[in-house]
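Engineer: I'm passing along run-v4.cif; it holds mmCIF, C-alpha atoms and all ligand atoms.
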```cif
data_structure
loop_
_atom_site.label_atom_id
_atom_site.label_comp_id
_atom_site.auth_asym_id
_atom_site.auth_seq_id
_atom_site.Cartn_x
_atom_site.Cartn_y
_atom_site.Cartn_z
CA MET A 1 28.86 62.86 12.92
CA LYS A 2 31.89 60.83 14.04
CA ASP A 3 31.36 59.54 17.58
CA LYS A 4 27.88 61.08 17.76
CA VAL A 5 25.20 58.79 19.16
CA ILE A 6 21.92 58.85 17.24
CA PHE A 7 18.67 57.33 18.54
CA ILE A 8 15.89 56.84 15.95
CA THR A 9 12.30 55.60 16.35
CA GLY A 10 10.33 54.25 13.39
CA ALA A 11 13.38 53.10 11.47
CA THR A 12 12.41 49.64 10.18
CA SER A 13 11.34 51.15 6.83
CA GLY A 14 10.93 54.37 4.87
CA LEU A 15 12.40 57.65 6.10
CA GLY A 16 13.63 56.29 9.43
CA ALA A 17 15.51 53.41 7.81
CA ALA A 18 17.08 55.81 5.29
CA ALA A 19 18.12 58.10 8.16
CA ALA A 20 19.67 55.17 10.07
CA ARG A 21 21.73 54.27 6.99
CA ALA A 22 22.70 57.91 6.34
CA PHE A 23 23.87 58.53 9.92
CA ALA A 24 25.80 55.23 9.95
CA ASP A 25 27.45 56.17 6.62
CA ALA A 26 28.50 59.43 8.31
CA ASN A 27 30.27 57.38 11.04
CA ALA A 28 27.71 57.96 13.77
CA LYS A 29 26.75 55.25 16.25
CA VAL A 30 23.12 54.48 15.50
CA VAL A 31 20.51 52.87 17.75
CA PHE A 32 17.19 52.44 15.99
CA CYS A 33 13.74 51.09 16.80
CA GLY A 34 10.53 49.72 15.37
CA ARG A 35 8.24 46.77 16.07
CA ARG A 36 9.20 44.53 13.11
CA ILE A 37 12.14 42.34 14.13
CA LYS A 38 12.88 40.91 10.65
CA GLU A 39 13.14 44.33 9.00
CA GLY A 40 15.07 45.81 11.93
CA THR A 41 17.58 42.97 12.00
CA GLU A 42 18.08 43.10 8.21
CA ILE A 43 18.83 46.84 8.34
CA GLU A 44 21.19 46.35 11.31
CA THR A 45 23.07 43.57 9.46
CA ASP A 46 23.24 45.57 6.25
CA ILE A 47 24.66 48.64 7.99
CA ARG A 48 27.25 46.52 9.84
CA LEU A 49 28.31 44.75 6.60
CA ARG A 50 28.96 48.20 5.13
CA GLY A 51 31.25 48.98 8.06
CA GLY A 52 28.77 51.09 10.01
CA GLU A 53 27.74 50.88 13.65
CA ALA A 54 24.05 50.18 14.31
CA THR A 55 21.91 48.40 16.89
CA PHE A 56 18.25 47.52 16.47
CA ILE A 57 16.02 47.43 19.56
CA GLN A 58 12.45 46.20 19.09
CA THR A 59 10.23 48.93 20.51
CA ASP A 60 6.58 49.90 20.34
CA VAL A 61 6.51 53.66 20.96
CA THR A 62 2.98 53.49 22.35
CA ILE A 63 4.32 51.51 25.35
CA GLU A 64 6.25 53.84 27.64
CA GLN A 65 8.29 51.09 29.35
CA GLN A 66 9.57 49.86 25.96
CA VAL A 67 10.72 53.36 25.01
CA GLU A 68 12.36 53.82 28.40
CA HIS A 69 14.15 50.49 27.87
CA ALA A 70 15.37 51.47 24.37
CA VAL A 71 16.76 54.78 25.62
CA SER A 72 18.41 53.18 28.66
CA GLU A 73 19.97 50.49 26.44
CA THR A 74 21.41 53.27 24.26
CA ILE A 75 22.91 54.92 27.35
CA ARG A 76 24.26 51.54 28.53
CA LEU A 77 25.92 51.01 25.12
CA TYR A 78 27.27 54.50 24.48
CA GLY A 79 26.77 56.64 27.61
CA LYS A 80 24.82 59.42 25.87
CA ILE A 81 22.42 60.44 23.11
CA ASP A 82 23.54 63.38 20.95
CA VAL A 83 20.72 63.29 18.41
CA ALA A 84 17.21 61.82 18.59
CA PHE A 85 15.06 61.42 15.51
CA ASN A 86 11.48 60.67 16.59
CA ASN A 87 9.98 59.42 13.38
CA ALA A 88 7.57 56.58 14.26
CA GLY A 89 4.17 57.45 12.86
CA ASN A 90 1.44 56.63 10.42
CA ASN A 91 -2.21 57.37 9.73
CA LEU A 92 -4.12 54.40 11.15
CA TYR A 93 -7.63 55.33 10.04
CA PHE A 94 -9.22 56.68 6.86
CA GLY A 95 -12.77 58.01 7.13
CA PRO A 96 -14.85 60.91 8.37
CA ILE A 97 -14.98 61.95 12.03
CA GLU A 98 -18.63 60.93 12.45
CA ASN A 99 -17.75 57.31 11.66
CA MET A 100 -14.56 57.19 13.71
CA THR A 101 -14.60 55.24 16.97
CA GLY A 102 -13.00 56.68 20.08
CA GLU A 103 -10.54 53.81 19.93
CA GLN A 104 -9.50 54.63 16.35
CA PHE A 105 -8.99 58.28 17.35
CA VAL A 106 -6.98 57.39 20.45
CA ASN A 107 -4.83 54.84 18.59
CA ASN A 108 -3.77 57.53 16.12
CA ILE A 109 -2.93 59.92 18.96
CA MET A 110 -1.07 57.18 20.85
CA LEU A 111 1.19 56.35 17.92
CA ASN A 112 1.84 59.79 16.47
CA LEU A 113 1.71 62.08 19.51
CA THR A 114 2.02 60.06 22.74
CA GLY A 115 4.74 57.92 21.13
CA THR A 116 6.71 61.10 20.40
CA PHE A 117 6.15 62.28 23.97
CA HIS A 118 7.38 58.94 25.39
CA ALA A 119 10.56 59.21 23.35
CA MET A 120 11.17 62.88 24.17
CA LYS A 121 10.70 62.31 27.90
CA TYR A 122 13.58 59.82 28.17
CA GLU A 123 15.75 61.50 25.51
CA ILE A 124 15.54 64.83 27.39
CA GLN A 125 16.47 63.13 30.67
CA ALA A 126 19.53 61.62 28.97
CA MET A 127 20.51 64.81 27.14
CA LYS A 128 20.31 66.87 30.34
CA GLN A 129 22.86 64.49 31.88
CA SER A 130 25.28 64.82 28.97
CA GLY A 131 25.00 68.57 28.41
CA GLY A 132 22.56 68.90 25.50
CA GLY A 133 21.55 67.51 22.14
CA SER A 134 19.30 67.83 19.14
CA ILE A 135 15.81 66.30 18.92
CA ILE A 136 14.08 66.10 15.53
CA ASN A 137 10.42 65.14 15.39
CA THR A 138 8.71 64.02 12.20
CA ALA A 139 5.52 66.02 11.79
CA SER A 140 3.80 66.60 8.45
CA THR A 141 2.10 69.28 6.40
CA ALA A 142 -0.92 67.78 8.22
CA GLY A 143 0.71 69.20 11.38
CA VAL A 144 0.34 72.82 10.28
CA LYS A 145 -2.80 72.82 8.10
CA GLY A 146 -6.09 70.99 7.93
CA VAL A 147 -6.62 68.10 5.54
CA GLY A 148 -10.24 67.33 4.70
CA GLN A 149 -9.69 63.82 3.40
CA GLY A 150 -10.68 61.58 6.28
CA ILE A 151 -7.46 61.75 8.30
CA ALA A 152 -8.59 64.08 11.12
CA ALA A 153 -7.05 62.08 13.97
CA TYR A 154 -3.68 62.03 12.19
CA VAL A 155 -3.99 65.79 11.52
CA ALA A 156 -4.75 66.41 15.22
CA ALA A 157 -1.85 64.22 16.31
CA LYS A 158 0.68 65.84 13.97
CA HIS A 159 -0.47 69.34 15.07
CA GLY A 160 0.23 68.04 18.57
CA VAL A 161 3.74 67.00 17.55
CA VAL A 162 4.43 70.57 16.35
CA GLY A 163 3.08 71.99 19.63
CA LEU A 164 5.10 69.54 21.72
CA THR A 165 8.20 70.45 19.70
CA LYS A 166 7.79 74.18 20.35
CA ALA A 167 6.99 73.77 24.06
CA ALA A 168 9.95 71.42 24.61
CA ALA A 169 12.28 73.76 22.68
CA LEU A 170 11.46 76.60 25.09
CA GLU A 171 11.43 74.39 28.16
CA HIS A 172 14.91 73.00 27.44
CA ALA A 173 16.73 75.73 25.51
CA ARG A 174 18.86 76.53 28.57
CA ASN A 175 19.78 72.86 28.80
CA GLN A 176 21.25 73.24 25.29
CA ILE A 177 18.68 70.80 23.94
CA ARG A 178 17.34 71.91 20.57
CA VAL A 179 13.99 70.54 19.42
CA ASN A 180 12.69 70.93 15.87
CA ALA A 181 9.96 69.40 13.71
CA LEU A 182 9.99 68.36 10.06
CA ILE A 183 7.01 69.45 8.00
CA ILE A 184 6.93 66.84 5.26
CA SER A 185 4.46 66.62 2.40
CA ALA A 186 3.71 63.52 0.32
CA MET A 187 6.86 61.39 0.29
CA ALA A 188 7.24 58.30 -1.88
CA THR A 189 8.21 55.67 0.69
CA GLU A 190 7.32 52.02 0.15
CA GLN A 191 4.42 52.05 2.64
CA TRP A 192 3.01 55.30 1.27
CA LEU A 193 3.24 54.03 -2.33
CA GLN A 194 1.45 50.79 -1.38
CA GLY A 195 -1.55 52.83 -0.24
CA VAL A 196 -1.51 55.32 -3.11
CA GLU A 197 -1.09 52.71 -5.85
CA LYS A 198 -4.34 51.01 -4.81
CA ILE A 199 -6.19 53.90 -6.48
CA PRO A 200 -5.44 54.26 -10.22
CA GLY A 201 -4.20 57.75 -11.14
CA MET A 202 -3.77 58.81 -7.50
CA PHE A 203 0.03 59.13 -7.67
CA GLU A 204 -0.23 61.40 -10.73
CA LYS A 205 -2.99 63.44 -9.07
CA ILE A 206 -0.97 63.99 -5.88
CA SER A 207 2.16 64.85 -7.89
CA ALA A 208 0.23 67.40 -9.97
CA SER A 209 -1.17 69.00 -6.80
CA MET A 210 2.33 69.71 -5.48
CA PRO A 211 3.57 73.25 -6.27
CA LEU A 212 6.91 71.81 -7.45
CA GLY A 213 5.04 69.20 -9.49
CA ARG A 214 6.36 66.07 -7.77
CA VAL A 215 6.21 64.21 -4.48
CA ALA A 216 9.32 64.07 -2.28
CA THR A 217 11.72 61.16 -1.93
CA VAL A 218 13.56 60.28 1.27
CA ASP A 219 16.70 61.67 -0.37
CA ASP A 220 15.03 65.09 -0.45
CA ILE A 221 14.51 64.97 3.32
CA ILE A 222 17.69 63.33 4.68
CA PRO A 223 19.98 66.40 4.23
CA PHE A 224 17.64 68.43 6.48
CA ILE A 225 17.70 65.76 9.17
CA THR A 226 21.50 65.66 9.15
CA PHE A 227 21.53 69.50 9.11
CA LEU A 228 19.28 69.70 12.20
CA ALA A 229 21.43 67.02 13.84
CA SER A 230 24.63 68.98 13.25
CA ASP A 231 26.16 72.11 14.75
CA ASN A 232 25.40 73.93 11.48
CA SER A 233 21.88 74.41 12.86
CA LYS A 234 22.97 75.43 16.36
CA MET A 235 20.83 78.63 16.32
CA ILE A 236 17.67 76.74 15.28
CA THR A 237 15.25 75.48 17.90
CA GLY A 238 11.46 75.34 18.12
CA ALA A 239 11.21 75.47 14.32
CA ALA A 240 8.73 73.61 12.16
CA LEU A 241 10.93 73.29 9.10
CA ALA A 242 8.97 72.82 5.88
CA ILE A 243 10.53 70.54 3.29
CA ASP A 244 7.29 70.28 1.41
CA GLY A 245 7.78 71.40 -2.17
CA GLY A 246 5.78 74.57 -1.43
CA THR A 247 2.68 72.77 -0.10
CA THR A 248 2.23 74.99 2.97
CA ALA A 249 3.11 78.22 1.17
CA GLY A 250 -0.42 78.84 -0.03
N1 LIG A 301 5.21 59.17 3.46
C1 LIG A 301 4.58 60.33 3.54
O1 LIG A 301 3.94 60.80 2.57
C2 LIG A 301 4.65 61.16 4.80
C3 LIG A 301 4.26 62.50 4.75
C4 LIG A 301 4.36 63.27 5.90
C5 LIG A 301 4.81 62.71 7.08
N2 LIG A 301 5.15 61.39 7.10
C6 LIG A 301 5.63 60.84 8.38
O2 LIG A 301 6.94 60.34 8.15
C7 LIG A 301 7.21 59.30 9.09
C8 LIG A 301 7.78 58.10 8.35
O3 LIG A 301 6.85 57.65 7.42
P1 LIG A 301 7.24 56.68 6.21
O4 LIG A 301 6.55 57.19 5.01
O5 LIG A 301 8.71 56.46 6.18
O6 LIG A 301 6.44 55.36 6.63
P2 LIG A 301 6.85 53.91 7.13
O7 LIG A 301 7.82 53.29 6.22
O8 LIG A 301 5.57 53.24 7.41
O9 LIG A 301 7.60 54.21 8.51
C9 LIG A 301 6.94 54.30 9.72
C10 LIG A 301 7.83 53.72 10.80
O10 LIG A 301 7.14 53.85 12.04
C11 LIG A 301 7.21 52.61 12.71
N3 LIG A 301 6.06 52.42 13.59
C12 LIG A 301 4.75 52.38 13.27
N4 LIG A 301 4.02 52.13 14.39
C13 LIG A 301 4.92 52.01 15.41
C14 LIG A 301 4.80 51.77 16.81
N5 LIG A 301 3.61 51.59 17.40
N6 LIG A 301 5.93 51.71 17.55
C15 LIG A 301 7.14 51.87 16.97
N7 LIG A 301 7.32 52.14 15.68
C16 LIG A 301 6.21 52.19 14.91
C17 LIG A 301 7.26 51.55 11.61
O11 LIG A 301 7.90 50.39 12.09
P3 LIG A 301 7.18 49.06 12.62
O12 LIG A 301 5.99 48.82 11.74
O13 LIG A 301 8.27 48.04 12.49
O14 LIG A 301 6.83 49.33 14.03
C18 LIG A 301 8.14 52.25 10.58
O15 LIG A 301 9.49 52.00 10.87
C19 LIG A 301 5.90 59.04 9.83
O16 LIG A 301 5.92 59.73 11.06
C20 LIG A 301 4.85 59.66 8.90
O17 LIG A 301 3.70 60.07 9.61
C21 LIG A 301 5.10 60.60 6.00
#
```
Would you mind writing the file out in structure tokens?

Structural biologist:
Amino acid sequence: MKDKVIFITGATSGLGAAAARAFADANAKVVFCGRRIKEGTEIETDIRLRGGEATFIQTDVTIEQQVEHAVSETIRLYGKIDVAFNNAGNNLYFGPIENMTGEQFVNNIMLNLTGTFHAMKYEIQAMKQSGGGSIINTASTAGVKGVGQGIAAYVAAKHGVVGLTKAAALEHARNQIRVNALIISAMATEQWLQGVEKIPGMFEKISASMPLGRVATVDDIIPFITFLASDNSKMITGAALAIDGGTTAG
């Protein structure tokens, strides 16, 4: 990763923050985003104290101009983007479709799908200029199968992320831009645990439902992100790579 420039959205906590630290530890130059300034600045300082190179840019991925600004700042700093990890996302609404407002539906699509589109648009423009790159989009098992637990808008958005990934991979293969999606099942990040721990026994129930008998940690996922970022995956594009403990196998 030495001298590679990595641009990450949704990196003020959880998987994105772990990826920012992992890429910086591997000597990459990391530019990362999120809305929370305190968390972003703390991660930036921490990486720099460990000798890494990282810059936080406050960005809301639902606002196209902010994403354009973050990408152009990255180009101003380093002249190129080699790897983009589009990870910003979350389920913003729990409840059945018949109770969901249009606004709740659209907000979920804006964050998870349109936010990914905004990032890809400017990353692809930059990568075309510099001769190629690798884009990794965070989808979910909810991006390849239905989930009947009141998260339909999130399911629709993450299916959209997989579709956008495949279309972009074909559209830009000849530009040497690879585009892949991560199919992630339940993953014990701080935010996810906060939600799950509100319901007694839920963590154990979800763990037991996993074919491998446990939920993932960010450490289970990071090696696949660095693999897709590296030349070791140079024949892989348009893939929805499942790192899901067997969840989508059945
Ligand atoms: N944890 C799981 O079980 C699981 C399973 C499958 C897929 N995923 C996906 O994995 C990704 C990371 O999730 P995580 O568990 O690590 O959760 P997390 O800690 O909540 O991370 C989500 C990140 O997205 C950012 N974000 C949210 N809204 C944003 C916006 N409008 N603009 C810019 N950034 C925004 C958050 O930063 P700010 O709040 O600072 O903006 C945060 O850095 C998400 O795409 C999620 O859908 C998670």

Engineer: Taking into account only C-alpha atoms and all ligand atoms, which residue in the set A:Ser207, A:Ser130, A:Thr59, A:Gln149 is nearest to ligand LIG 301 (chain A)?

Structural biologist: A:Thr59

Engineer: Hey, can you check how far atom CA of Glu190 of chain A sits from atom CA of Ile135 of chain A?

Structural biologist: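 Distance reported for this atom pair: 25.1 Å.
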
Engineer: Counting only C-alpha atoms and all ligand atoms, which residues of chain A sit at most 6 Å from some atom of ligand LIG 301 (chain A), and what is each one's closest atom pair with its distance in Å to one decimal, listed by chain and rising residue number, as JSON lines?

Structural biologist:
```
{"residue": "A:Gly10", "atom": "CA", "partner": "A:LIG301", "partner_atom": "O15", "distance": 3.5}
{"residue": "A:Ala11", "atom": "CA", "partner": "A:LIG301", "partner_atom": "O15", "distance": 4.1}
{"residue": "A:Thr12", "atom": "CA", "partner": "A:LIG301", "partner_atom": "O15", "distance": 3.8}
{"residue": "A:Ser13", "atom": "CA", "partner": "A:LIG301", "partner_atom": "O7", "distance": 4.2}
{"residue": "A:Gly14", "atom": "CA", "partner": "A:LIG301", "partner_atom": "O5", "distance": 3.3}
{"residue": "A:Leu15", "atom": "CA", "partner": "A:LIG301", "partner_atom": "O5", "distance": 3.9}
{"residue": "A:Gly16", "atom": "CA", "partner": "A:LIG301", "partner_atom": "O5", "distance": 5.9}
{"residue": "A:Gly34", "atom": "CA", "partner": "A:LIG301", "partner_atom": "O14", "distance": 4.0}
{"residue": "A:Arg35", "atom": "CA", "partner": "A:LIG301", "partner_atom": "O14", "distance": 3.6}
{"residue": "A:Arg36", "atom": "CA", "partner": "A:LIG301", "partner_atom": "O13", "distance": 3.7}
{"residue": "A:Thr59", "atom": "CA", "partner": "A:LIG301", "partner_atom": "C15", "distance": 5.5}
{"residue": "A:Asp60", "atom": "CA", "partner": "A:LIG301", "partner_atom": "N6", "distance": 3.4}
{"residue": "A:Val61", "atom": "CA", "partner": "A:LIG301", "partner_atom": "N6", "distance": 4.0}
{"residue": "A:Thr62", "atom": "CA", "partner": "A:LIG301", "partner_atom": "N5", "distance": 5.3}
{"residue": "A:Asn87", "atom": "CA", "partner": "A:LIG301", "partner_atom": "O16", "distance": 4.7}
{"residue": "A:Ala88", "atom": "CA", "partner": "A:LIG301", "partner_atom": "O10", "distance": 3.5}
{"residue": "A:Gly89", "atom": "CA", "partner": "A:LIG301", "partner_atom": "O16", "distance": 3.4}
{"residue": "A:Asn90", "atom": "CA", "partner": "A:LIG301", "partner_atom": "O17", "distance": 4.2}
{"residue": "A:Leu111", "atom": "CA", "partner": "A:LIG301", "partner_atom": "N5", "distance": 5.4}
{"residue": "A:Thr138", "atom": "CA", "partner": "A:LIG301", "partner_atom": "O16", "distance": 5.2}
{"residue": "A:Ala139", "atom": "CA", "partner": "A:LIG301", "partner_atom": "C5", "distance": 5.8}
{"residue": "A:Ser140", "atom": "CA", "partner": "A:LIG301", "partner_atom": "C4", "distance": 4.2}
{"residue": "A:Ile184", "atom": "CA", "partner": "A:LIG301", "partner_atom": "C4", "distance": 4.4}
{"residue": "A:Ser185", "atom": "CA", "partner": "A:LIG301", "partner_atom": "C3", "distance": 4.7}
{"residue": "A:Ala186", "atom": "CA", "partner": "A:LIG301", "partner_atom": "O1", "distance": 3.5}
{"residue": "A:Met187", "atom": "CA", "partner": "A:LIG301", "partner_atom": "O1", "distance": 3.8}
{"residue": "A:Ala188", "atom": "CA", "partner": "A:LIG301", "partner_atom": "N1", "distance": 5.8}
{"residue": "A:Thr189", "atom": "CA", "partner": "A:LIG301", "partner_atom": "O4", "distance": 4.9}
{"residue": "A:Gln191", "atom": "CA", "partner": "A:LIG301", "partner_atom": "O8", "distance": 5.0}
{"residue": "A:Trp192", "atom": "CA", "partner": "A:LIG301", "partner_atom": "N1", "distance": 5.0}
```

Engineer: Need to verify the contact set: Ser230 of chain A, 9 Å, only C-alpha atoms, exclusion of same-chain residues closer than 5 positions in sequence. Can you return it as an mmCIF file with C-alpha atoms, keeping the file's coordinate frame?

Structural biologist:
```cif
data_model
loop_
_atom_site.group_PDB
_atom_site.id
_atom_site.type_symbol
_atom_site.label_atom_id
_atom_site.label_comp_id
_atom_site.auth_asym_id
_atom_site.auth_seq_id
_atom_site.Cartn_x
_atom_site.Cartn_y
_atom_site.Cartn_z
ATOM 1 C CA MET A 1 28.860 62.860 12.920
ATOM 2 C CA VAL A 83 20.720 63.290 18.410
ATOM 3 C CA SER A 134 19.300 67.830 19.140
ATOM 4 C CA ILE A 225 17.700 65.760 9.170
#
```

Engineer: To one decimal place, how far is atom CA of Gly143 of chain A from atom CA of Arg214 of chain A in Å?

Structural biologist: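 So the two atoms, atom CA of Gly143 of chain A and atom CA of Arg214 of chain A, lie 20.2 Å apart.
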
Engineer: Extract, using all atoms listed in the file, all DNA, RNA and protein residues at most 8 Å from His118 of chain A, discarding same-chain residues fewer than 3 positions from it, and format them as a ChimeraX atom specification.

Structural biologist: /A:61-62,64,67-68,114-115,121-122

Engineer: Kindly assemble as CSV a list of the segment 101-175 of chain A residues that lie within 12 Å of segment 78-81 of chain A, each paired with its nearest atom pair and their distance in Å to one decimal, using only C-alpha atoms, sorted first by chain and then by ascending residue number.

Structural biologist:
```
residue,atom,partner,partner_atom,distance
A:Ala119,CA,A:Ile81,CA,11.9
A:Met120,CA,A:Ile81,CA,11.6
A:Tyr122,CA,A:Ile81,CA,10.2
A:Glu123,CA,A:Ile81,CA,7.2
A:Ile124,CA,A:Ile81,CA,9.2
A:Gln125,CA,A:Ile81,CA,10.0
A:Ala126,CA,A:Lys80,CA,6.5
A:Met127,CA,A:Ile81,CA,6.2
A:Lys128,CA,A:Lys80,CA,9.8
A:Gln129,CA,A:Lys80,CA,8.1
A:Ser130,CA,A:Lys80,CA,6.2
A:Gly131,CA,A:Lys80,CA,9.5
A:Gly132,CA,A:Ile81,CA,8.8
A:Gly133,CA,A:Ile81,CA,7.2
A:Ser134,CA,A:Ile81,CA,9.0
A:Ile135,CA,A:Ile81,CA,9.8
```

Engineer: Grab the residues selected above and save them as a PDB file, in the frame of the given file with C-alpha atoms.

Structural biologist:
```pdb
ATOM      1  CA  ALA A 119      10.560  59.210  23.350  1.00  0.00           C
ATOM      2  CA  MET A 120      11.170  62.880  24.170  1.00  0.00           C
ATOM      3  CA  TYR A 122      13.580  59.820  28.170  1.00  0.00           C
ATOM      4  CA  GLU A 123      15.750  61.500  25.510  1.00  0.00           C
ATOM      5  CA  ILE A 124      15.540  64.830  27.390  1.00  0.00           C
ATOM      6  CA  GLN A 125      16.470  63.130  30.670  1.00  0.00           C
ATOM      7  CA  ALA A 126      19.530  61.620  28.970  1.00  0.00           C
ATOM      8  CA  MET A 127      20.510  64.810  27.140  1.00  0.00           C
ATOM      9  CA  LYS A 128      20.310  66.870  30.340  1.00  0.00           C
ATOM     10  CA  GLN A 129      22.860  64.490  31.880  1.00  0.00           C
ATOM     11  CA  SER A 130      25.280  64.820  28.970  1.00  0.00           C
ATOM     12  CA  GLY A 131      25.000  68.570  28.410  1.00  0.00           C
ATOM     13  CA  GLY A 132      22.560  68.900  25.500  1.00  0.00           C
ATOM     14  CA  GLY A 133      21.550  67.510  22.140  1.00  0.00           C
ATOM     15  CA  SER A 134      19.300  67.830  19.140  1.00  0.00           C
ATOM     16  CA  ILE A 135      15.810  66.300  18.920  1.00  0.00           C
TER      17      ILE A 135
END
```

Engineer: Choose the residue, out of A:Val5, A:Ala152, A:Ile243, A:Leu77, that has the smallest atom-to-atom separation from Glu98 of chain A; count all atoms listed in the file.

Structural biologist: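 Ranked by minimum distance to Glu98 of chain A, first place goes to A:Ala152.
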
Engineer: Rank A:Thr141, A:Asn91, A:Gln176, A:Asn99 by their smallest atom-to-atom distance to Ala242 of chain A, using all atoms listed in the file, and report the top residue only.

Structural biologist: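 For Ala242 of chain A, the nearest of the candidates is A:Thr141.
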
Engineer: What does the structure give for the distance between atom CA of Leu241 of chain A and atom CA of Ala208 of chain A, in Å to one decimal?

Structural biologist: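 Distance reported for this atom pair: 22.6 Å.
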
Engineer: Taking 5 positions as the minimum chain separation for residues in the same chain, which residues sit within 10 Å of Lys38 of chain A when counting all atoms listed in the file? Answer as an mmCIF file with C-alpha atoms, in the frame of the given file.

Structural biologist:
```
data_model
loop_
_atom_site.group_PDB
_atom_site.id
_atom_site.type_symbol
_atom_site.label_atom_id
_atom_site.label_comp_id
_atom_site.auth_asym_id
_atom_site.auth_seq_id
_atom_site.Cartn_x
_atom_site.Cartn_y
_atom_site.Cartn_z
ATOM 1 C CA THR A 12 12.410 49.640 10.180
ATOM 2 C CA ILE A 43 18.830 46.840 8.340
ATOM 3 C CA GLU A 44 21.190 46.350 11.310
ATOM 4 C CA GLN A 58 12.450 46.200 19.090
#
```

Engineer: Could you give me, as a VMD selection string, the residues that sit within 10 Å of (22.9, 50.0, 16.8) in the file's coordinates, counting all atoms listed in the file?

Structural biologist: chain A and resid 5 to 8 20 24 28 to 33 43 to 45 47 to 48 52 to 57 74 77 to 78

Engineer: Nearest to Gly250 of chain A: which of A:Ala216, A:Met210, A:Leu228, A:Val162 is it, counting all atoms listed in the file?

Structural biologist: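 Ranking A:Ala216, A:Met210, A:Leu228, A:Val162 by distance to Gly250 of chain A, first place goes to A:Met210.
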
Engineer: Find the residues near Leu164 of chain A: any atom within 9 Å, counting only C-alpha atoms, skip ones fewer than 4 places away on the same chain, and give them as a short mmCIF file (atom, residue, chain, number, x, y, z; two decimals) with C-alpha atoms, in the frame of the given file.

Structural biologist:
```
data_model
loop_
_atom_site.label_atom_id
_atom_site.label_comp_id
_atom_site.auth_asym_id
_atom_site.auth_seq_id
_atom_site.Cartn_x
_atom_site.Cartn_y
_atom_site.Cartn_z
CA LEU A 113 1.71 62.08 19.51
CA THR A 116 6.71 61.10 20.40
CA PHE A 117 6.15 62.28 23.97
CA HIS A 159 -0.47 69.34 15.07
CA GLY A 160 0.23 68.04 18.57
CA ALA A 168 9.95 71.42 24.61
CA ALA A 169 12.28 73.76 22.68
#
```

Engineer: Using all atoms listed in the file, can you tell me which of A:Gly195, A:Glu204, A:Val144, A:Ser72 comes closest to Ala157 of chain A?

Structural biologist: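 Once distances to Ala157 of chain A are computed over all atoms listed in the file, the minimum belongs to A:Val144.
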
Engineer: Between A:Asp82, A:Glu39, A:Asp25, A:Glu73, single out the one closest to Ile136 of chain A, counting all atoms listed in the file.

Structural biologist: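 So, comparing all the options, the nearest one is A:Asp82.
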